>>> print(open('coords-v5.cif').read())   # mmCIF, C-alpha atoms
data_start
#
loop_
_atom_site.label_atom_id
_atom_site.label_comp_id
_atom_site.auth_asym_id
_atom_site.auth_seq_id
_atom_site.Cartn_x
_atom_site.Cartn_y
_atom_site.Cartn_z
CA MET A 1 30.07 75.43 77.65
CA ASP A 2 31.00 77.51 74.61
CA VAL A 3 29.33 76.22 71.43
CA VAL A 4 30.01 77.57 67.96
CA SER A 5 27.32 76.81 65.39
CA VAL A 6 28.20 76.35 61.72
CA ILE A 7 25.27 76.56 59.28
CA LEU A 8 25.82 75.09 55.82
CA GLY A 9 24.51 77.36 53.08
CA GLY A 10 23.98 74.57 50.56
CA GLY A 11 24.97 74.08 46.95
CA ARG A 12 23.08 74.77 43.74
CA GLY A 13 19.76 73.50 45.10
CA THR A 14 18.77 71.97 41.77
CA ARG A 15 15.81 70.07 43.26
CA LEU A 16 14.34 73.38 44.48
CA PHE A 17 14.69 75.03 41.07
CA PRO A 18 13.30 77.53 40.02
CA LEU A 19 13.08 78.90 43.58
CA THR A 20 16.89 78.79 43.61
CA LEU A 21 17.22 80.52 40.24
CA HIS A 22 18.23 83.81 41.91
CA ARG A 23 19.10 82.73 45.47
CA SER A 24 20.63 79.95 47.57
CA LYS A 25 18.42 77.42 49.33
CA PRO A 26 18.64 78.99 52.81
CA ALA A 27 17.47 82.33 51.34
CA VAL A 28 14.23 80.86 49.95
CA PRO A 29 11.20 82.53 51.64
CA ILE A 30 8.93 80.32 53.73
CA GLY A 31 5.78 80.85 55.77
CA GLY A 32 4.98 84.20 54.16
CA LYS A 33 7.58 86.34 55.95
CA PHE A 34 10.56 84.17 56.92
CA ARG A 35 13.47 82.58 55.08
CA LEU A 36 14.80 79.05 55.55
CA ILE A 37 18.00 80.36 57.19
CA ASP A 38 15.84 81.84 59.98
CA ILE A 39 15.03 78.31 61.22
CA PRO A 40 18.53 77.15 62.30
CA VAL A 41 19.55 80.65 63.47
CA SER A 42 16.41 80.96 65.62
CA ASN A 43 17.01 77.49 67.08
CA CYS A 44 20.51 78.58 68.07
CA VAL A 45 19.48 81.92 69.57
CA ASN A 46 16.61 80.35 71.53
CA ASN A 47 19.11 77.90 73.06
CA GLY A 48 21.70 80.50 74.02
CA ILE A 49 24.07 79.79 71.12
CA ARG A 50 25.20 83.23 69.97
CA LYS A 51 28.32 82.44 67.93
CA ILE A 52 26.99 81.47 64.52
CA LEU A 53 28.89 81.13 61.24
CA VAL A 54 27.02 80.72 57.94
CA LEU A 55 29.01 79.11 55.12
CA THR A 56 27.89 80.43 51.74
CA GLN A 57 28.93 80.01 48.14
CA TYR A 58 26.23 79.65 45.49
CA ASN A 59 23.91 82.61 44.66
CA SER A 60 24.77 84.01 48.07
CA GLU A 61 24.02 87.74 47.75
CA SER A 62 20.39 87.49 48.86
CA LEU A 63 21.33 85.31 51.84
CA ASN A 64 24.22 87.57 52.83
CA ARG A 65 22.00 90.65 52.72
CA HIS A 66 19.26 89.01 54.79
CA VAL A 67 21.68 87.81 57.48
CA GLY A 68 23.37 91.21 57.64
CA GLN A 69 20.08 93.09 57.95
CA THR A 70 18.48 90.70 60.44
CA TYR A 71 20.93 89.42 63.05
CA ARG A 72 22.70 92.13 65.01
CA PHE A 73 23.46 91.43 68.66
CA ASP A 74 24.01 94.27 71.10
CA ARG A 75 27.44 95.80 71.72
CA PHE A 76 27.68 94.25 75.20
CA SER A 77 27.50 90.70 73.80
CA ASP A 78 30.22 88.69 72.09
CA GLY A 79 27.58 87.03 69.94
CA PHE A 80 27.47 87.25 66.15
CA VAL A 81 25.96 85.76 63.02
CA SER A 82 28.75 85.99 60.48
CA ILE A 83 28.98 85.01 56.82
CA LEU A 84 31.90 82.79 55.79
CA ALA A 85 31.97 82.96 52.01
CA ALA A 86 34.10 80.64 49.91
CA GLU A 87 37.50 82.30 49.63
CA GLN A 88 40.76 81.56 47.93
CA THR A 89 43.78 81.13 50.19
CA PRO A 90 47.37 80.00 49.64
CA GLU A 91 46.31 76.59 50.94
CA ASN A 92 43.12 76.27 48.90
CA THR A 93 42.13 77.89 45.62
CA SER A 94 38.94 75.90 44.88
CA TRP A 95 35.25 76.32 45.66
CA PHE A 96 33.54 74.22 48.32
CA GLN A 97 33.34 70.64 47.06
CA GLY A 98 30.82 69.38 49.63
CA THR A 99 29.59 69.82 53.20
CA ALA A 100 32.79 68.58 54.84
CA ASP A 101 35.00 70.53 52.46
CA ALA A 102 33.05 73.72 53.25
CA VAL A 103 33.71 73.25 56.97
CA ARG A 104 37.34 72.32 56.26
CA GLN A 105 37.90 75.57 54.37
CA GLY A 106 36.31 77.58 57.17
CA LEU A 107 37.98 75.62 59.97
CA VAL A 108 40.60 78.27 60.76
CA HIS A 109 37.80 80.75 61.54
CA ILE A 110 35.77 78.17 63.48
CA LEU A 111 38.63 77.07 65.72
CA ALA A 112 39.70 80.70 66.24
CA GLN A 113 36.64 81.01 68.53
CA CYS A 114 38.20 78.37 70.87
CA PRO A 115 34.88 76.50 71.22
CA ASP A 116 34.21 73.56 73.54
CA MET A 117 31.93 72.06 70.86
CA VAL A 118 31.11 72.68 67.20
CA LEU A 119 27.47 72.30 66.16
CA ILE A 120 26.99 71.75 62.41
CA LEU A 121 23.54 72.49 60.98
CA SER A 122 21.85 72.53 57.59
CA GLY A 123 20.41 75.77 56.26
CA ASP A 124 17.38 74.20 54.55
CA GLN A 125 15.46 72.26 57.21
CA LEU A 126 12.28 73.04 59.17
CA TYR A 127 12.24 72.01 62.85
CA ARG A 128 12.49 73.15 66.46
CA MET A 129 15.11 71.42 68.60
CA ASP A 130 16.35 71.82 72.15
CA PHE A 131 20.06 72.10 71.45
CA SER A 132 20.78 72.41 75.19
CA SER A 133 19.48 68.84 75.67
CA PHE A 134 21.60 67.72 72.70
CA VAL A 135 24.71 69.27 74.29
CA LYS A 136 23.90 67.79 77.70
CA GLN A 137 23.68 64.24 76.30
CA PHE A 138 26.87 64.80 74.29
CA LEU A 139 28.77 65.72 77.45
CA SER A 140 27.28 63.01 79.68
CA SER A 141 28.11 60.26 77.16
CA ASN A 142 31.63 61.65 76.60
CA SER A 143 31.05 61.42 72.85
CA ASP A 144 33.52 62.50 70.22
CA ILE A 145 30.73 63.03 67.71
CA SER A 146 26.97 63.00 68.15
CA ILE A 147 24.39 62.86 65.36
CA ALA A 148 20.76 63.94 65.68
CA THR A 149 18.56 61.09 64.46
CA LYS A 150 14.85 60.65 63.91
CA PRO A 151 12.78 57.43 63.89
CA VAL A 152 11.49 56.78 60.36
CA THR A 153 9.39 54.22 58.53
CA ALA A 154 10.56 51.72 55.92
CA GLU A 155 9.06 54.00 53.25
CA GLU A 156 11.07 57.03 54.45
CA ALA A 157 14.37 55.23 55.09
CA PRO A 158 15.69 54.98 51.47
CA GLY A 159 15.79 58.77 51.27
CA LEU A 160 18.01 59.24 54.35
CA GLY A 161 21.25 58.09 55.91
CA ILE A 162 20.26 55.26 58.26
CA MET A 163 22.09 54.65 61.53
CA GLN A 164 22.37 51.33 63.36
CA VAL A 165 22.35 52.24 67.04
CA ASN A 166 22.97 50.06 70.11
CA THR A 167 20.90 50.24 73.27
CA ASP A 168 23.55 52.52 74.81
CA GLY A 169 23.12 55.03 71.98
CA VAL A 170 26.45 54.27 70.27
CA ILE A 171 26.24 54.13 66.49
CA LYS A 172 27.66 50.87 65.14
CA GLY A 173 26.82 51.24 61.46
CA PHE A 174 25.69 53.71 58.82
CA VAL A 175 24.29 53.34 55.30
CA GLU A 176 23.58 56.36 53.10
CA LYS A 177 20.19 56.08 51.35
CA PRO A 178 19.91 52.28 51.54
CA HIS A 179 17.97 50.23 49.02
CA ALA A 180 14.74 48.72 50.36
CA SER A 181 16.34 45.27 50.20
CA GLU A 182 19.02 46.37 52.74
CA LEU A 183 16.63 47.59 55.42
CA SER A 184 16.15 44.28 57.21
CA ASP A 185 19.64 44.56 58.69
CA LEU A 186 19.44 48.26 59.63
CA ALA A 187 16.86 48.39 62.44
CA SER A 188 18.14 49.96 65.68
CA ASP A 189 17.95 48.86 69.31
CA GLN A 190 17.96 52.36 70.81
CA GLN A 191 15.13 53.11 73.20
CA GLY A 192 12.44 55.11 71.43
CA VAL A 193 12.24 53.30 68.10
CA THR A 194 8.93 51.56 67.39
CA ASP A 195 7.63 48.74 65.23
CA GLU A 196 6.13 51.37 62.92
CA LYS A 197 9.38 53.38 62.79
CA PRO A 198 12.23 50.92 63.43
CA PHE A 199 14.95 52.88 61.63
CA LEU A 200 16.94 55.93 62.70
CA GLY A 201 17.57 58.48 59.98
CA SER A 202 20.30 61.11 60.17
CA MET A 203 18.99 64.67 60.31
CA GLY A 204 22.28 66.14 59.10
CA ILE A 205 22.84 67.81 62.49
CA TYR A 206 26.19 67.05 64.15
CA LEU A 207 28.07 67.89 67.36
CA PHE A 208 31.85 67.54 67.30
CA LYS A 209 34.66 67.91 69.77
CA PRO A 210 36.78 70.60 68.07
CA GLU A 211 39.97 68.56 68.15
CA VAL A 212 38.19 65.55 66.63
CA LEU A 213 36.77 67.74 63.86
CA ARG A 214 40.21 69.22 63.18
CA ARG A 215 41.91 65.82 63.11
CA ILE A 216 39.35 64.29 60.76
CA LEU A 217 39.22 67.16 58.27
CA LEU A 218 42.89 68.15 58.21
CA GLU A 219 44.71 64.87 58.87
CA GLU A 220 42.75 61.64 58.58
CA ASP A 221 40.23 62.42 55.81
CA ARG A 222 41.75 65.31 53.91
CA ASP A 223 40.42 63.97 50.60
CA LYS A 224 36.84 63.44 51.86
CA THR A 225 34.30 66.15 50.94
CA ASP A 226 30.92 65.08 52.35
CA PHE A 227 29.86 64.42 55.96
CA GLY A 228 27.00 62.02 55.29
CA LYS A 229 28.55 59.91 52.56
CA GLU A 230 32.20 59.85 53.67
CA ILE A 231 33.18 61.45 56.99
CA ILE A 232 30.59 59.89 59.30
CA PRO A 233 30.86 56.27 58.01
CA GLY A 234 34.64 56.40 58.47
CA ALA A 235 34.49 58.09 61.87
CA ILE A 236 32.25 55.39 63.36
CA ASN A 237 35.15 52.94 63.39
CA ARG A 238 37.64 55.38 64.95
CA TYR A 239 35.65 57.49 67.43
CA LYS A 240 32.79 57.28 69.87
CA VAL A 241 29.86 58.39 67.72
CA THR A 242 26.47 58.50 69.44
CA SER A 243 22.87 59.13 68.47
CA TYR A 244 20.69 61.92 69.87
CA MET A 245 17.11 60.88 69.18
CA PHE A 246 14.68 63.61 68.17
CA ASN A 247 10.94 62.89 68.10
CA GLY A 248 9.59 66.29 67.06
CA TYR A 249 8.63 67.64 63.65
CA TRP A 250 11.44 67.80 61.11
CA SER A 251 11.31 68.33 57.37
CA ASP A 252 14.17 68.46 54.91
CA ILE A 253 13.12 71.17 52.43
CA GLY A 254 14.95 69.57 49.53
CA THR A 255 12.32 69.44 46.77
CA ILE A 256 9.50 71.58 45.41
CA ARG A 257 7.03 69.02 46.80
CA SER A 258 8.46 69.09 50.34
CA PHE A 259 8.68 72.90 50.27
CA PHE A 260 5.09 73.19 49.08
CA LYS A 261 3.78 70.76 51.69
CA ALA A 262 5.65 72.41 54.56
CA ASN A 263 4.15 75.78 53.66
CA ILE A 264 0.59 74.56 53.17
CA ASP A 265 0.77 72.65 56.48
CA MET A 266 1.43 75.95 58.29
CA ALA A 267 -1.98 77.21 57.19
CA MET A 268 -3.84 74.13 58.42
CA PRO A 269 -5.48 73.70 61.84
CA ASN A 270 -3.03 72.23 64.39
CA PRO A 271 -0.01 72.08 62.06
CA ALA A 272 2.97 69.93 63.02
CA PHE A 273 5.22 73.00 62.87
CA ASP A 274 3.00 75.37 64.83
CA MET A 275 3.90 79.03 65.24
CA TYR A 276 0.80 79.69 67.36
CA SER A 277 1.21 77.34 70.33
CA ASP A 278 4.13 76.25 72.54
CA PHE A 279 5.68 79.33 71.00
CA THR A 280 9.37 79.96 70.83
CA PRO A 281 10.31 82.93 68.66
CA LEU A 282 11.12 82.47 65.02
CA TYR A 283 13.24 85.46 64.14
CA THR A 284 13.46 87.26 60.83
CA ARG A 285 14.11 90.73 59.48
CA ALA A 286 12.18 93.41 61.39
CA ARG A 287 9.96 95.37 59.00
CA ALA A 288 7.77 98.39 59.73
CA LEU A 289 4.72 97.00 57.91
CA PRO A 290 1.05 97.77 58.49
CA GLY A 291 -1.43 94.94 59.01
CA ALA A 292 -3.17 93.21 56.13
CA ARG A 293 -6.10 95.07 54.55
CA ILE A 294 -8.96 92.72 53.63
CA ARG A 295 -12.26 93.72 51.99
CA ASN A 296 -15.20 91.47 51.02
CA CYS A 297 -13.09 88.29 51.06
CA THR A 298 -13.67 84.72 52.15
CA LEU A 299 -10.73 83.06 53.85
CA ASN A 300 -10.35 79.55 55.22
CA ASN A 301 -7.12 77.95 56.46
CA ALA A 302 -5.09 80.93 55.31
CA VAL A 303 -2.09 82.82 56.66
CA VAL A 304 -2.15 86.44 55.45
CA CYS A 305 0.98 88.45 56.20
CA GLY A 306 1.55 92.15 56.80
CA ALA A 307 0.92 94.91 54.25
CA SER A 308 -1.17 92.61 52.06
CA ASP A 309 -4.15 94.09 50.19
CA LEU A 310 -6.98 91.67 49.38
CA SER A 311 -10.24 92.73 47.76
CA GLY A 312 -13.20 90.51 46.91
CA SER A 313 -11.14 87.33 46.67
CA HIS A 314 -11.43 83.75 47.93
CA ILE A 315 -8.38 82.30 49.71
CA GLU A 316 -8.26 78.71 51.00
CA ASN A 317 -5.46 76.46 52.27
CA SER A 318 -2.84 79.02 51.30
CA ILE A 319 0.00 81.25 52.47
CA VAL A 320 -0.20 84.91 51.44
CA GLY A 321 3.19 86.58 51.85
CA ILE A 322 4.05 90.15 52.80
CA ARG A 323 2.87 93.00 50.53
CA SER A 324 0.69 90.68 48.44
CA TYR A 325 -1.99 92.27 46.27
CA ILE A 326 -4.98 90.14 45.15
CA GLY A 327 -7.73 91.58 42.95
CA SER A 328 -11.49 91.06 43.08
CA GLY A 329 -13.07 87.84 41.84
CA THR A 330 -9.81 85.91 42.21
CA SER A 331 -9.81 82.43 43.78
CA ILE A 332 -6.64 80.96 45.28
CA GLU A 333 -6.54 77.44 46.71
CA ASN A 334 -3.66 75.26 47.95
CA SER A 335 -1.06 77.82 46.95
CA VAL A 336 1.99 79.62 48.33
CA LEU A 337 2.33 83.32 47.58
CA MET A 338 5.70 84.74 48.62
CA GLY A 339 4.56 88.36 48.31
CA ALA A 340 6.75 91.26 47.23
CA ASP A 341 9.81 93.25 48.23
CA PHE A 342 8.00 96.55 47.65
CA TRP A 343 4.52 98.02 47.17
CA ARG A 344 2.81 98.81 43.90
CA GLY A 345 4.16 102.07 42.52
CA HIS A 346 7.25 102.08 44.73
CA SER A 347 10.40 103.60 43.27
CA ARG A 348 11.89 100.10 43.16
CA ASP A 349 9.00 98.96 40.96
CA PHE A 350 10.66 99.60 37.60
CA CYS A 351 7.52 98.35 35.80
CA ALA A 352 5.20 100.87 37.48
CA VAL A 353 5.31 103.19 34.44
CA ASP A 354 5.42 100.39 31.87
CA GLY A 355 1.90 99.70 30.65
CA SER A 356 3.02 96.59 28.78
CA THR A 357 3.20 94.47 31.96
CA PRO A 358 0.56 93.73 34.59
CA GLU A 359 0.74 95.58 37.88
CA LEU A 360 2.59 94.01 40.79
CA GLY A 361 0.53 91.26 42.43
CA ILE A 362 -2.44 89.21 41.19
CA GLY A 363 -5.13 90.73 39.01
CA SER A 364 -8.91 90.24 38.95
CA ASN A 365 -10.93 87.11 38.14
CA CYS A 366 -7.98 84.74 38.31
CA THR A 367 -8.07 81.08 39.39
CA ILE A 368 -4.92 79.70 40.99
CA ARG A 369 -4.56 76.20 42.47
CA ASN A 370 -1.60 74.11 43.56
CA ALA A 371 0.90 76.82 42.72
CA ILE A 372 3.91 78.65 44.13
CA LEU A 373 4.22 82.31 43.19
CA ASP A 374 7.69 83.62 43.95
CA LYS A 375 8.34 87.22 44.98
CA ASN A 376 7.47 90.22 42.84
CA VAL A 377 5.40 88.31 40.28
CA ARG A 378 2.82 90.06 38.13
CA ILE A 379 -0.29 88.07 37.28
CA GLY A 380 -2.68 89.73 34.81
CA ASN A 381 -6.47 89.55 34.79
CA ASN A 382 -8.44 86.38 33.99
CA VAL A 383 -5.40 84.15 34.41
CA LYS A 384 -5.89 80.44 35.16
CA LEU A 385 -3.04 78.50 36.81
CA LEU A 386 -4.50 75.02 37.20
CA ASN A 387 -2.32 72.35 35.50
CA GLU A 388 -5.50 70.58 34.40
CA ARG A 389 -3.48 68.14 32.25
CA GLY A 390 -1.71 66.93 35.38
CA ASP A 391 1.83 67.44 34.08
CA ASP A 392 4.49 66.40 36.57
CA SER A 393 7.33 68.37 35.00
CA LEU A 394 7.16 71.03 32.30
CA ASP A 395 9.03 74.20 31.31
CA GLY A 396 6.89 77.00 29.90
CA GLU A 397 7.43 80.55 28.70
CA PHE A 398 6.74 82.13 32.08
CA PHE A 399 6.30 79.12 34.37
CA TYR A 400 7.70 75.77 35.44
CA ILE A 401 5.88 72.70 36.68
CA ARG A 402 7.76 70.56 39.18
CA ASP A 403 6.25 67.63 41.12
CA GLY A 404 2.90 68.62 39.59
CA ILE A 405 3.08 72.10 41.14
CA ILE A 406 3.04 75.26 39.02
CA VAL A 407 5.90 77.61 39.92
CA ILE A 408 6.05 81.23 38.73
CA PRO A 409 9.66 82.41 39.19
CA LYS A 410 10.66 85.62 40.92
CA GLY A 411 9.80 88.83 39.06
CA VAL A 412 8.05 87.10 36.15
CA SER A 413 4.98 88.61 34.45
CA VAL A 414 2.01 86.47 33.34
CA PRO A 415 -0.13 88.18 30.66
CA ASP A 416 -3.90 88.64 30.85
CA ASP A 417 -6.02 85.59 29.94
CA SER A 418 -3.09 83.14 30.22
CA VAL A 419 -3.97 79.50 30.96
CA VAL A 420 -1.58 76.90 32.35
#
>>> encode(input="coords-v5.cif", output="structure tokens")
Amino acid sequence: MDVVSVILGGGRGTRLFPLTLHRSKPAVPIGGKFRLIDIPVSNCVNNGIRKILVLTQYNSESLNRHVGQTYRFDRFSDGFVSILAAEQTPENTSWFQGTADAVRQGLVHILAQCPDMVLILSGDQLYRMDFSSFVKQFLSSNSDISIATKPVTAEEAPGLGIMQVNTDGVIKGFVEKPHASELSDLASDQQGVTDEKPFLGSMGIYLFKPEVLRRILLEEDRDKTDFGKEIIPGAINRYKVTSYMFNGYWSDIGTIRSFFKANIDMAMPNPAFDMYSDFTPLYTRARALPGARIRNCTLNNAVVCGASDLSGSHIENSIVGIRSYIGSGTSIENSVLMGADFWRGHSRDFCAVDGSTPELGIGSNCTIRNAILDKNVRIGNNVKLLNERGDDSLDGEFFYIRDGIIVIPKGVSVPDDSVV
């Protein structure tokens, strides 16, 4: 069966600000060397899906460059990972207005591949899924639409779209982000739900018959712009819409808190999203980087990526991204360092000859806890990033605090002796 995958590039990503200050959500680095877009693309490639379209619009240059540099199939394959940017046409002169509108505007290119099924994915989620099993159930149930769902607790349900599913897997009802008072009527009968997790939340992953997708977007619901809020609730009454239950790890990287937790979890023993066991490749841009160089350091629960240079520092419960530099006497705990796009002194380092700014990386005798340091930051000596006042949200001269986590934006310099 020929499956075309459509990955949604996301909107402004305001809840991930300031990580989305210079890039779209799927381009945000994760795990020290990857980007969020690598997750859905790798899931597709590992399941034999080689026709992949990425819909982009907001702050898309970084994402476009990464996709172009990373995913190149050989000349004997008809596979591709192609960018579909928002474009003006005689039929449509506006930007994408939502997830469904983005697919609608790209539909001519999607259907031109003559697919048997269209798989719609989000570009900002962390998971591993067997799409071949998803497709198999879709075909055996003769579904028009199938939605990947995950059992969730009553505490998690108000943040998701909740499906009411019969014992045969057919979805009979849907409520987007229900109030806690509505949950008593939304439990599902599908095999696999438990007393602890009686609700089925939508993962924002959909399989469509191409003709059904065309009819909905171009004829029946031409004025609808969002899949979760508008398209799916209406389609339940007109088509056979089924649930594909997923019981593995899945995280929607929608906030600074969820992004921070997903990263820190990767550095812990036996993480839920484990890159070291039951391994299926997670692809990203191939770089010719040396290994990390570590001298007189103590490390515990840390992931240290290639070309990093650590000297006399203490690292605990943290991710250290590619080309990171950490000076002596510095202590880093519960933090995410995204690393750098180039080494100290590289020709791209325009501050290398400017003595008014700290050198690229983290200086000596710094203390950093519960922080995210975006790419290419410059942290001076004797800097303390601690948020000792416990602020939940705050905008500073060279930092932001969101969900209690200090965030240093991309390319920002923090002077010597600064305290946050």
>>> atom_distance(input="coords-v5.cif", atom1="CA of Leu36 in chain A", atom2="CA of Lys229 in chain A")
23.8 Å
>>> resolve_selection(input="coords-v5.cif", expression="the PyMOL selection byres ((chain A and resi 189-204) around 7)", output="list of chain:residue names")
A:Leu121, A:Ser122, A:Ile147, A:Ala148, A:Thr149, A:Lys150, A:Pro151, A:Val152, A:Thr153, A:Ala157, A:Leu160, A:Gly161, A:Ile162, A:Met163, A:Val165, A:Asn166, A:Thr167, A:Asp168, A:Gly169, A:Leu186, A:Ala187, A:Ser188, A:Ile205, A:Tyr206
>>> residues_around(input="coords-v5.cif", residues="Val303 in chain A", least_positions_apart="6", cutoff="10 Å", atoms="only C-alpha atoms", output="mmCIF file with C-alpha atoms, in the coordinates of the input")
data_model
loop_
_atom_site.group_PDB
_atom_site.id
_atom_site.type_symbol
_atom_site.label_atom_id
_atom_site.label_comp_id
_atom_site.auth_asym_id
_atom_site.auth_seq_id
_atom_site.Cartn_x
_atom_site.Cartn_y
_atom_site.Cartn_z
ATOM 1 C CA GLY A 31 5.780 80.850 55.770
ATOM 2 C CA GLY A 32 4.980 84.200 54.160
ATOM 3 C CA ASN A 263 4.150 75.780 53.660
ATOM 4 C CA ILE A 264 0.590 74.560 53.170
ATOM 5 C CA MET A 266 1.430 75.950 58.290
ATOM 6 C CA ALA A 267 -1.980 77.210 57.190
ATOM 7 C CA MET A 268 -3.840 74.130 58.420
ATOM 8 C CA ILE A 315 -8.380 82.300 49.710
ATOM 9 C CA GLU A 316 -8.260 78.710 51.000
ATOM 10 C CA ASN A 317 -5.460 76.460 52.270
ATOM 11 C CA SER A 318 -2.840 79.020 51.300
ATOM 12 C CA ILE A 319 0.000 81.250 52.470
ATOM 13 C CA VAL A 320 -0.200 84.910 51.440
ATOM 14 C CA GLY A 321 3.190 86.580 51.850
ATOM 15 C CA VAL A 336 1.990 79.620 48.330
#
>>> atom_distance(input="coords-v5.cif", atom1="CA of Gly173 in chain A", atom2="CA of Ile253 in chain A")
25.8 Å
>>> atom_distance(input="coords-v5.cif", atom1="CA of Leu139 in chain A", atom2="CA of Val212 in chain A")
14.3 Å
>>> resolve_selection(input="coords-v5.cif", expression="the PyMOL selection byres ((chain A and resi 63) around 12)", output="PyMOL selection string")
chain A and resi 8-10+20+22-29+34-38+54-62+64-71+82-85+123+285
>>> closest_residue(input="coords-v5.cif", among="A:Cys351, A:Ile120, A:Ile379, A:Val414", to="Thr330 in chain A", atoms="all atoms listed in the file")
A:Ile379
>>> resolve_selection(input="coords-v5.cif", expression="the PyMOL selection byres ((chain A and resi 231) around 12)", output="PyMOL selection string")
chain A and resi 98-101+103-104+145+174+176+206+212-213+215-218+220-230+232-239+241
>>> closest_residue(input="coords-v5.cif", among="A:Gly254, A:Pro271, A:Pro210, A:Gly396", to="Ile110 in chain A", atoms="all atoms listed in the file")
A:Pro210
>>> residues_around(input="coords-v5.cif", residues="Asp116 in chain A", least_positions_apart="4", cutoff="8 Å", atoms="only C-alpha atoms", output="PyMOL selection string")
chain A and resi 1-3+209-210
>>> closest_residue(input="coords-v5.cif", among="A:Ser356, A:Ser243, A:Asn296, A:Ser140", to="Gln164 in chain A", atoms="only C-alpha atoms")
A:Ser243
>>> closest_residue(input="coords-v5.cif", among="A:Ile332, A:Ala102, A:Ile30, A:Ile405", to="Asn365 in chain A", atoms="only C-alpha atoms")
A:Ile332
>>> closest_residue(input="coords-v5.cif", among="A:Met275, A:Val4, A:Leu299, A:Leu19", to="Thr255 in chain A", atoms="all atoms listed in the file")
A:Leu19
>>> residues_around(input="coords-v5.cif", residues="Ile406 in chain A", least_positions_apart="5", cutoff="12 Å", atoms="all atoms listed in the file", output="compact mmCIF listing (two decimals) with C-alpha atoms, in the frame of the given file")
# COMPACT_ATOMS: atom_id res chain seq x y z
CA PHE A 17 14.69 75.03 41.07
CA PRO A 18 13.30 77.53 40.02
CA LEU A 19 13.08 78.90 43.58
CA ILE A 256 9.50 71.58 45.41
CA ARG A 257 7.03 69.02 46.80
CA PHE A 260 5.09 73.19 49.08
CA ASN A 334 -3.66 75.26 47.95
CA SER A 335 -1.06 77.82 46.95
CA VAL A 336 1.99 79.62 48.33
CA LEU A 337 2.33 83.32 47.58
CA ILE A 368 -4.92 79.70 40.99
CA ARG A 369 -4.56 76.20 42.47
CA ASN A 370 -1.60 74.11 43.56
CA ALA A 371 0.90 76.82 42.72
CA ILE A 372 3.91 78.65 44.13
CA LEU A 373 4.22 82.31 43.19
CA ASP A 374 7.69 83.62 43.95
CA LYS A 384 -5.89 80.44 35.16
CA LEU A 385 -3.04 78.50 36.81
CA LEU A 386 -4.50 75.02 37.20
CA ASN A 387 -2.32 72.35 35.50
CA GLU A 388 -5.50 70.58 34.40
CA ARG A 389 -3.48 68.14 32.25
CA GLY A 390 -1.71 66.93 35.38
CA ASP A 391 1.83 67.44 34.08
CA ASP A 392 4.49 66.40 36.57
CA SER A 393 7.33 68.37 35.00
CA LEU A 394 7.16 71.03 32.30
CA ASP A 395 9.03 74.20 31.31
CA GLY A 396 6.89 77.00 29.90
CA PHE A 398 6.74 82.13 32.08
CA PHE A 399 6.30 79.12 34.37
CA TYR A 400 7.70 75.77 35.44
CA ILE A 401 5.88 72.70 36.68
CA VAL A 419 -3.97 79.50 30.96
CA VAL A 420 -1.58 76.90 32.35
>>> closest_residue(input="coords-v5.cif", among="A:Asn301, A:Ser77, A:Gln125, A:Ser42", to="Ala262 in chain A", atoms="all atoms listed in the file")
A:Gln125
>>> residues_around(input="coords-v5.cif", residues="Ile326 in chain A", least_positions_apart="2", cutoff="10 Å", atoms="all atoms listed in the file", output="PyMOL selection string")
chain A and resi 294+308-315+320+323-324+328-332+360-366+379
